[in-house]
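Chemist: Here's a structure for you.
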Amino acid sequence: MVDKKLIVVGLSVVLALGTVGFNWVESILPTAEAHGVQAQLQSRFVRIEDETFNRQSLQTGETLTVQGKLVSLVERDLRGWLSIFSESTNAGNRWEILARDPPGNVFDLGGNNVLDYAISAKALEPGVYHVHTQLNVAQVGPGLGPGQTVVVEGDPIIKPIPYTNIAYQSIIIGVGYVITFATRPWQVI
């Protein structure tokens, strides 16, 4: 009987000291933080190389240009589109894409080819951002470049909300729901 009580008391002491001790150690040692870009976000199909940024700090309204090379790692042709992925400490993350090279939204990348790219975006909101090139490959998914920290200062630029686009998208979504409910009612329940 004494052995069971001793084990229970011992476990209780270890748990209590572990909790208190962990909080104490955590308050003394500096914390480390990262932005969570995972290894799978570097595509096995296309590698983003030589990603460079024209500046590390800018004012709102100024343009950030990201350049680099897209290296196809497969023999088949791929379709993709470029954008900017950014993380920040504030809730902003507001950029307006001004230009893309290759031009247009969707482009073709030939098998085993190298394609130079550039994306220009205007900063709309101040903050400290970690910015990456984001390459979305059709039927594969996204991939991110290494990225860089960019500091944006100045007053936020408020863009008008395109209510016509919201209304159009709402109508399209509503029509999709009607078609879904009308053709597959047994899957809705």
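Here, A, B, ... name the chains of the structure tokens in the order displayed, residue numbers run from 1 inside each chain, and ligands are numbered from 1 in the same displayed order.
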Using DSSP on the backbone, list every residue of stretch 141-174 of chain A that comes out as strand (DSSP E), and give them as a PyMOL selection string.

Modeler: chain A and resi 141-144+148-153

Chemist: May I have the residues from that selection written out with all heavy atoms, as an mmCIF file, in the first residue's frame?

Modeler:
data_model
loop_
_atom_site.group_PDB
_atom_site.id
_atom_site.type_symbol
_atom_site.label_atom_id
_atom_site.label_comp_id
_atom_site.auth_asym_id
_atom_site.auth_seq_id
_atom_site.Cartn_x
_atom_site.Cartn_y
_atom_site.Cartn_z
ATOM 1 N N GLY A 141 -0.270 22.108 -57.398
ATOM 2 C CA GLY A 141 -0.419 22.910 -56.197
ATOM 3 C C GLY A 141 0.621 24.003 -56.123
ATOM 4 O O GLY A 141 1.355 24.253 -57.068
ATOM 5 N N PRO A 142 0.692 24.676 -54.966
ATOM 6 C CA PRO A 142 1.577 25.831 -54.829
ATOM 7 C C PRO A 142 2.999 25.450 -54.445
ATOM 8 O O PRO A 142 3.254 24.405 -53.862
ATOM 9 C CB PRO A 142 0.920 26.635 -53.704
ATOM 10 C CG PRO A 142 0.282 25.592 -52.853
ATOM 11 C CD PRO A 142 -0.178 24.517 -53.808
ATOM 12 N N GLY A 143 3.914 26.345 -54.775
ATOM 13 C CA GLY A 143 5.300 26.262 -54.338
ATOM 14 C C GLY A 143 5.769 27.665 -54.006
ATOM 15 O O GLY A 143 5.326 28.634 -54.625
ATOM 16 N N LEU A 144 6.634 27.792 -53.017
ATOM 17 C CA LEU A 144 7.106 29.103 -52.579
ATOM 18 C C LEU A 144 8.599 29.247 -52.798
ATOM 19 O O LEU A 144 9.357 28.289 -52.633
ATOM 20 C CB LEU A 144 6.816 29.321 -51.092
ATOM 21 C CG LEU A 144 5.368 29.343 -50.646
ATOM 22 C CD1 LEU A 144 5.278 29.563 -49.149
ATOM 23 C CD2 LEU A 144 4.590 30.416 -51.384
ATOM 24 N N GLN A 148 11.876 36.922 -48.452
ATOM 25 C CA GLN A 148 12.682 37.960 -47.806
ATOM 26 C C GLN A 148 11.771 38.838 -46.975
ATOM 27 O O GLN A 148 10.603 39.017 -47.302
ATOM 28 C CB GLN A 148 13.381 38.800 -48.876
ATOM 29 C CG GLN A 148 14.186 39.947 -48.314
ATOM 30 C CD GLN A 148 14.901 40.693 -49.418
ATOM 31 O OE1 GLN A 148 15.710 40.127 -50.126
ATOM 32 N NE2 GLN A 148 14.593 41.965 -49.558
ATOM 33 N N THR A 149 12.315 39.407 -45.925
ATOM 34 C CA THR A 149 11.559 40.333 -45.093
ATOM 35 C C THR A 149 11.551 41.710 -45.748
ATOM 36 O O THR A 149 12.596 42.209 -46.168
ATOM 37 C CB THR A 149 12.165 40.422 -43.678
ATOM 38 O OG1 THR A 149 12.121 39.112 -43.097
ATOM 39 C CG2 THR A 149 11.391 41.391 -42.808
ATOM 40 N N VAL A 150 10.371 42.308 -45.839
ATOM 41 C CA VAL A 150 10.192 43.621 -46.445
ATOM 42 C C VAL A 150 9.430 44.493 -45.443
ATOM 43 O O VAL A 150 8.401 44.074 -44.908
ATOM 44 C CB VAL A 150 9.402 43.521 -47.772
ATOM 45 C CG1 VAL A 150 9.121 44.896 -48.345
ATOM 46 C CG2 VAL A 150 10.145 42.655 -48.765
ATOM 47 N N VAL A 151 9.937 45.700 -45.195
ATOM 48 C CA VAL A 151 9.302 46.635 -44.267
ATOM 49 C C VAL A 151 8.595 47.712 -45.072
ATOM 50 O O VAL A 151 9.208 48.366 -45.924
ATOM 51 C CB VAL A 151 10.347 47.278 -43.329
ATOM 52 C CG1 VAL A 151 9.691 48.291 -42.411
ATOM 53 C CG2 VAL A 151 11.071 46.206 -42.531
ATOM 54 N N VAL A 152 7.294 47.885 -44.808
ATOM 55 C CA VAL A 152 6.493 48.905 -45.485
ATOM 56 C C VAL A 152 6.055 49.921 -44.437
ATOM 57 O O VAL A 152 5.514 49.556 -43.395
ATOM 58 C CB VAL A 152 5.253 48.285 -46.175
ATOM 59 C CG1 VAL A 152 4.409 49.364 -46.825
ATOM 60 C CG2 VAL A 152 5.670 47.237 -47.181
ATOM 61 N N GLU A 153 6.313 51.195 -44.714
ATOM 62 C CA GLU A 153 5.908 52.273 -43.805
ATOM 63 C C GLU A 153 4.988 53.227 -44.546
ATOM 64 O O GLU A 153 4.975 53.254 -45.778
ATOM 65 C CB GLU A 153 7.155 53.015 -43.294
ATOM 66 C CG GLU A 153 8.067 52.138 -42.467
ATOM 67 C CD GLU A 153 9.325 52.854 -42.020
ATOM 68 O OE1 GLU A 153 9.714 53.844 -42.677
ATOM 69 O OE2 GLU A 153 9.918 52.415 -41.038
#

Chemist: Give me the residues near A:Pro156 as JSON, numbers by chain, where near means some atom within 10 Å (using only C-alpha atoms) and where sequence neighbours in that chain fewer than 3 positions away do not count.

Modeler: {"A": [59, 60, 61, 92, 94, 123, 124, 125, 126, 127, 152, 153, 159]}

Chemist: What is the distance between atom CA of A:Ile161 and atom CA of A:Gly147, in Å to one decimal?

Modeler: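 These two atoms are separated by 29.2 Å.
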
Chemist: When you draw a straight line from atom CA of A:Val74 to atom CA of A:Pro103, how long is it in Å?

Modeler: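 Atom-to-atom, atom CA of A:Val74 and atom CA of A:Pro103 are spaced 22.7 Å apart.
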